[in-house]
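Here is the structure we will look at, set down as structure tokens.
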Amino acid sequence: MMKKSCRAGFVRLILSVACIAGVQPFAHAAELEERRPLSLPEAGERTALPLSDPRGRERFMPTDTRKKESERLRGVPIDAGKWSGFVALESRLFAQEALFPEQSGTQSSFVLQPEYYKKWDGGKQSFTFVPFYRYDQRDPERTHFDVREFTWLNVGKRHEWRVGIRKVFWGVTESQHLVDIINQTDLVENPDGEDKLGQPMINLALIRDWGTLDLFVLPGFRERTFPGPKGRLRLPLLVDTSQTRYESDQKWRRVDLAARWSHTLGDWDIGLSHFAGTSREPLLLPVLSPLGFPVALAPYYPLINQTGLDLQYAAGSWLWKLEAIYRSGFGPKSYAASTAGLEYTLSGVFGTGMDLGLLAEYLYDERGKRATTPFQDDVFAGMRLGFNDVQSTEMLMGVIFDRTTSGRFYNVEASRRIGNNWKLNLEARAYAGLPPTDILYGLRKDDYFQLELARYF
Amino acid sequence: MRKLFLLLALSLTSINAFAETPEEKGLAIAVEADRRDLGFGDFTADMLMILKNKQGEESTRVVRVQNLEVKDDGDKSLSIFDEPADVKGTTMLTYSHKVEDDDQWMYLPALKRVKRIASDNKSGSYMGSEFAYEDIGSQEVEKYTYKYLRDEVIEGQPCFVVERYPVNKNSGYKRQVTWIDKAEYRPWKIDFYDRKDSLLKTLTIKGYKQYLKKHWRPDEMFMVNHQTGKSTLLKWSNYKFHAGLTDADFTQESLKRAR
């Protein structure tokens, strides 16, 4: 109800502004208000109002007059911004005793991520601001602030500009994201590496019949975050970010470049990308004590070239997926890596309205044992369950099995809405059968169960 | 002799007219209904969904919809979810097709990721409501075969009662019985029969308004599920025809920025 009365108030505001701008004759304004008092568009679309009356005079105008009028109206700055976002409490419970005495068996934290959004110019321009803050009870490294987004967007007829801090995702597979490279991983957030730090960029997208070409200039490098000594889910040797080194003389100030062509052709989605610049993934080099013992790890960020391909084919209930990269400059030899798999969706399973998705992927890295990721010859099998209920209950279960070491990584994620504004997220991870040679070996005692309660506003 | 011939000719024509089978008549009604809505070009509208369970507990969804008419194919549509708050900013793009499976993508704002959706999920629930994707998607003549049943007056309006049978094997229905008014060819009621041919849902449509002196759109669509007792009320508002949308507003790029 409140919304409605606000809207009615807005009409008057718009009309008065429009009149000042010399656009809206009074007689018509009054008529308009009378006709559609409660069915106004949301704040962001207000400038479009006088043009959009389905029965108004507008459609009887010659096209050029209409265009001029719309252009004039777009200049009227009457869009108000809107805040939304969420706050959440998160608790982790670890199943086993920690490897190190400074670590704890539980870990709670608080997170706040508001979002400000404002659009104007008839929706052709917008501004988005998403700050992020997490306070962690145990690990000061996990207590951190970031600007996830601070972007100005300008949409043209066949191009789009995005300038500021943003997050970009490329890729199609589920078990790992090889092609995705623009943003740095915010590793303290979650060991799955899906959380990202905001990346400063100038992005021009050219939209043509032959697809979309995205060009990126990336000024400023973000360092990967790592858990501190008190945090769980870390390597036995601590990563000392005060000893970070770069291949580039300009260090974090280097301007990186990237481009991606993407296109949809019927049942096919295809993306071809290239990145040239400082690797988001660091090489972790041992820091030696005077006696020659490794005491810490120092991140080293080399300059790389990475070409990526992502491909997806949809056929009925089947989705076929492929991601492949070729990377040079990272380590002594260039290498290829890929993830290939499929997703099969059964709808209305168990005589209910539930969807069941079956996932299978193969993860390959040419470097084999020398790979810097744990997934060099692994198989992922997973299951996604969508309950299609009012609470949007969802569940994802999966295991990644290492064919060389027999190590296994289990993952369960589930979520459910409570009421209209709350959401409960559950996450459980377990590591099994890890041999000392596996990169994940340091996490062998870090099986955990996590519950997050979020309030959206 | 001449008179007799004429008589014969006349009776032959009338036989011809009567020879229209119920299937042909059903199809003709569907074709006419489709023809009358041709040329809408594009429109935007706001949709409020009120979901109610057996116990009467309510929850709401707010979605903004953009639609583009595509010549010789199904429509393109883009939905922007505003509520519930946790799905705010999620958008969905559908290229519907006359007979083949639709193409569908969903944008998840938290991950900044566009996901393709397996395209043959027709019978799945739309946002947990009693509307299935196939109920809410673009209604093309070719998606069904038809059979005219009878004439009937509902709510004071003379209607055709036409039965239709989904062509796509992934449909959740064996048949649907539709009530279409004779004056303007608008659906007022649809009974949905599940695969086992028992009555599953009834849709009643109310408050038609005419836009651009041609296109009729309802204010309310009420779907009740007879088997579960749940219901969904869909309220439409703010229809804007000829909003100036083009193909460029229905791409994966626009999917990512629509809000």
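Quick note on naming: the chains in the structure tokens go A, B, ... in the order shown, residues restart at 1 in each chain, and ligands are numbered from 1 in order of appearance.
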Note to self: If we count only C-alpha atoms and set the cut-off at 7 Å, which residues sit around range 91-100 of chain B, ignoring sequence neighbours fewer than 3 positions away in its own chain? Please answer as a PyMOL selection string.
What the structure shows: chain B and resi 73-81+103-107+138+140+142-143+250+255
Residue subset to file, keeping C-alpha atoms, as a compact mmCIF listing (two decimals), in the first residue's frame:
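Writing done, so here's selection-v1.txt:
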# COMPACT_ATOMS: atom_id res chain seq x y z
CA ASP B 73 8.59 -18.15 -35.25
CA GLY B 74 7.68 -18.10 -31.57
CA ASP B 75 8.09 -14.88 -29.57
CA LYS B 76 11.19 -13.78 -27.71
CA SER B 77 10.74 -12.88 -24.09
CA LEU B 78 12.82 -11.53 -21.24
CA SER B 79 11.71 -11.71 -17.61
CA ILE B 80 13.24 -9.67 -14.81
CA PHE B 81 12.63 -10.93 -11.28
CA ASP B 103 15.97 -21.90 -26.26
CA GLN B 104 16.30 -20.62 -22.73
CA TRP B 105 18.99 -18.91 -20.66
CA MET B 106 19.04 -17.69 -17.09
CA TYR B 107 21.34 -15.03 -15.66
CA SER B 138 4.23 -18.15 -26.10
CA GLU B 140 1.64 -20.85 -30.98
CA GLU B 142 1.43 -25.27 -34.11
CA LYS B 143 2.00 -26.34 -30.50
CA PHE B 250 16.71 -10.00 -26.33
CA LEU B 255 20.04 -10.48 -20.24
Notebook entry, point to check: What residues in chain A have any atom no more than 8 Å from chain B when counting only C-alpha atoms, and can you write them as a ChimeraX atom specification?
Noted result: /A:39-41,52-55,157-158,167-170,172,194,266-267,314-319,344-345,347-348,353-355,388-392,419-423,456-457
Would you put the residues from that selection into a file with C-alpha atoms, as a PDB file, in the first residue's frame?
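After the write, again_15.pdb holds the following:
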ATOM      1  CA  SER A  39       0.016   1.504 -12.473  1.00  0.00           C
ATOM      2  CA  LEU A  40       3.193   3.479 -12.757  1.00  0.00           C
ATOM      3  CA  PRO A  41       6.463   1.895 -13.708  1.00  0.00           C
ATOM      4  CA  SER A  52       4.370   4.671 -22.883  1.00  0.00           C
ATOM      5  CA  ASP A  53       0.707   5.321 -22.394  1.00  0.00           C
ATOM      6  CA  PRO A  54      -0.725   2.651 -24.651  1.00  0.00           C
ATOM      7  CA  ARG A  55      -3.720   4.728 -25.614  1.00  0.00           C
ATOM      8  CA  LYS A 157      22.617   0.595 -30.298  1.00  0.00           C
ATOM      9  CA  ARG A 158      25.383  -1.813 -31.185  1.00  0.00           C
ATOM     10  CA  LYS A 167      33.062  -9.008 -11.975  1.00  0.00           C
ATOM     11  CA  VAL A 168      32.963 -10.948 -15.227  1.00  0.00           C
ATOM     12  CA  PHE A 169      32.298 -14.647 -15.602  1.00  0.00           C
ATOM     13  CA  TRP A 170      33.191 -16.777 -18.609  1.00  0.00           C
ATOM     14  CA  VAL A 172      30.026 -23.321 -18.930  1.00  0.00           C
ATOM     15  CA  GLU A 194      34.037 -19.092  -6.840  1.00  0.00           C
ATOM     16  CA  GLY A 266      20.687 -22.068 -32.403  1.00  0.00           C
ATOM     17  CA  ASP A 267      21.518 -24.823 -29.946  1.00  0.00           C
ATOM     18  CA  ALA A 314      21.786 -28.035 -25.963  1.00  0.00           C
ATOM     19  CA  ALA A 315      19.796 -30.993 -27.237  1.00  0.00           C
ATOM     20  CA  GLY A 316      16.520 -31.764 -25.497  1.00  0.00           C
ATOM     21  CA  SER A 317      17.337 -32.759 -21.925  1.00  0.00           C
ATOM     22  CA  TRP A 318      21.057 -32.795 -22.647  1.00  0.00           C
ATOM     23  CA  LEU A 319      23.631 -30.060 -22.253  1.00  0.00           C
ATOM     24  CA  TYR A 344      21.104 -34.395 -18.180  1.00  0.00           C
ATOM     25  CA  THR A 345      17.899 -33.017 -16.711  1.00  0.00           C
ATOM     26  CA  SER A 347      11.840 -33.093 -15.044  1.00  0.00           C
ATOM     27  CA  GLY A 348       8.977 -34.165 -12.833  1.00  0.00           C
ATOM     28  CA  GLY A 353       7.318 -31.443  -9.764  1.00  0.00           C
ATOM     29  CA  MET A 354      11.001 -31.898  -8.942  1.00  0.00           C
ATOM     30  CA  ASP A 355      13.819 -31.620 -11.457  1.00  0.00           C
ATOM     31  CA  ASN A 388      10.350 -26.300  -7.680  1.00  0.00           C
ATOM     32  CA  ASP A 389       8.553 -25.414  -4.490  1.00  0.00           C
ATOM     33  CA  VAL A 390       7.486 -22.069  -3.103  1.00  0.00           C
ATOM     34  CA  GLN A 391      10.704 -21.870  -1.043  1.00  0.00           C
ATOM     35  CA  SER A 392      12.858 -22.594  -4.130  1.00  0.00           C
ATOM     36  CA  GLY A 419       9.296 -16.405   4.191  1.00  0.00           C
ATOM     37  CA  ASN A 420       9.873 -13.750   1.566  1.00  0.00           C
ATOM     38  CA  ASN A 421      13.190 -12.262   2.682  1.00  0.00           C
ATOM     39  CA  TRP A 422      15.256 -14.898   4.459  1.00  0.00           C
ATOM     40  CA  LYS A 423      17.380 -17.624   3.022  1.00  0.00           C
ATOM     41  CA  TYR A 456      17.731  -9.830   1.926  1.00  0.00           C
ATOM     42  CA  PHE A 457      16.549  -6.258   1.726  1.00  0.00           C
TER      43      PHE A 457
END
Next item on the list: Please run DSSP on the backbone and report, as number ranges by chain, all residues within range 31-182 of chain B that come out as alpha helix (DSSP H).
Entry: B: 31-36, 133-136
Note to self: Could you go through range 255-412 of chain A and tell me which residues DSSP, when run on the backbone, assigns to strand (DSSP E or B), listing them as a PyMOL selection string?
What the structure shows: chain A and resi 255-265+268-278+283-288+294-301+303-315+318-328+335-349+354-365+377-386+394-402+408-412
Which neighbours of range 229-234 of chain A fall inside 7 Å, counting only C-alpha atoms, when residues of the same chain fewer than 4 positions from it are skipped, and could you give them as a PDB file with N, CA and C atoms, in the first residue's frame?
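Full text of result09.pdb as output:
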ATOM      1  N   GLU A 102      46.879 -23.311  16.594  1.00  0.00           N
ATOM      2  CA  GLU A 102      46.276 -21.967  16.554  1.00  0.00           C
ATOM      3  C   GLU A 102      44.914 -21.951  15.850  1.00  0.00           C
ATOM      4  N   GLN A 103      44.566 -23.079  15.212  1.00  0.00           N
ATOM      5  CA  GLN A 103      43.273 -23.148  14.522  1.00  0.00           C
ATOM      6  C   GLN A 103      42.171 -23.598  15.477  1.00  0.00           C
ATOM      7  N   ARG A 138      37.539 -15.682  13.799  1.00  0.00           N
ATOM      8  CA  ARG A 138      38.835 -16.314  14.070  1.00  0.00           C
ATOM      9  C   ARG A 138      39.987 -15.753  13.244  1.00  0.00           C
ATOM     10  N   ASP A 139      39.746 -15.587  11.955  1.00  0.00           N
ATOM     11  CA  ASP A 139      40.852 -15.303  11.041  1.00  0.00           C
ATOM     12  C   ASP A 139      40.848 -13.844  10.579  1.00  0.00           C
ATOM     13  N   PRO A 191      36.804 -22.058  -0.083  1.00  0.00           N
ATOM     14  CA  PRO A 191      37.865 -22.808  -0.764  1.00  0.00           C
ATOM     15  C   PRO A 191      37.503 -23.220  -2.195  1.00  0.00           C
ATOM     16  N   LEU A 238      52.220 -21.234   5.513  1.00  0.00           N
ATOM     17  CA  LEU A 238      51.416 -20.039   5.312  1.00  0.00           C
ATOM     18  C   LEU A 238      51.869 -19.279   4.080  1.00  0.00           C
ATOM     19  N   GLY A 442      46.872 -30.728   2.438  1.00  0.00           N
ATOM     20  CA  GLY A 442      46.841 -29.824   3.586  1.00  0.00           C
ATOM     21  C   GLY A 442      45.440 -29.628   4.145  1.00  0.00           C
ATOM     22  N   LEU A 443      44.418 -29.979   3.376  1.00  0.00           N
ATOM     23  CA  LEU A 443      43.040 -29.777   3.821  1.00  0.00           C
ATOM     24  C   LEU A 443      42.427 -31.054   4.390  1.00  0.00           C
ATOM     25  N   ASP A 446      40.194 -30.834   7.293  1.00  0.00           N
ATOM     26  CA  ASP A 446      39.324 -29.658   7.253  1.00  0.00           C
ATOM     27  C   ASP A 446      37.934 -29.930   6.697  1.00  0.00           C
TER      28      ASP A 446
END
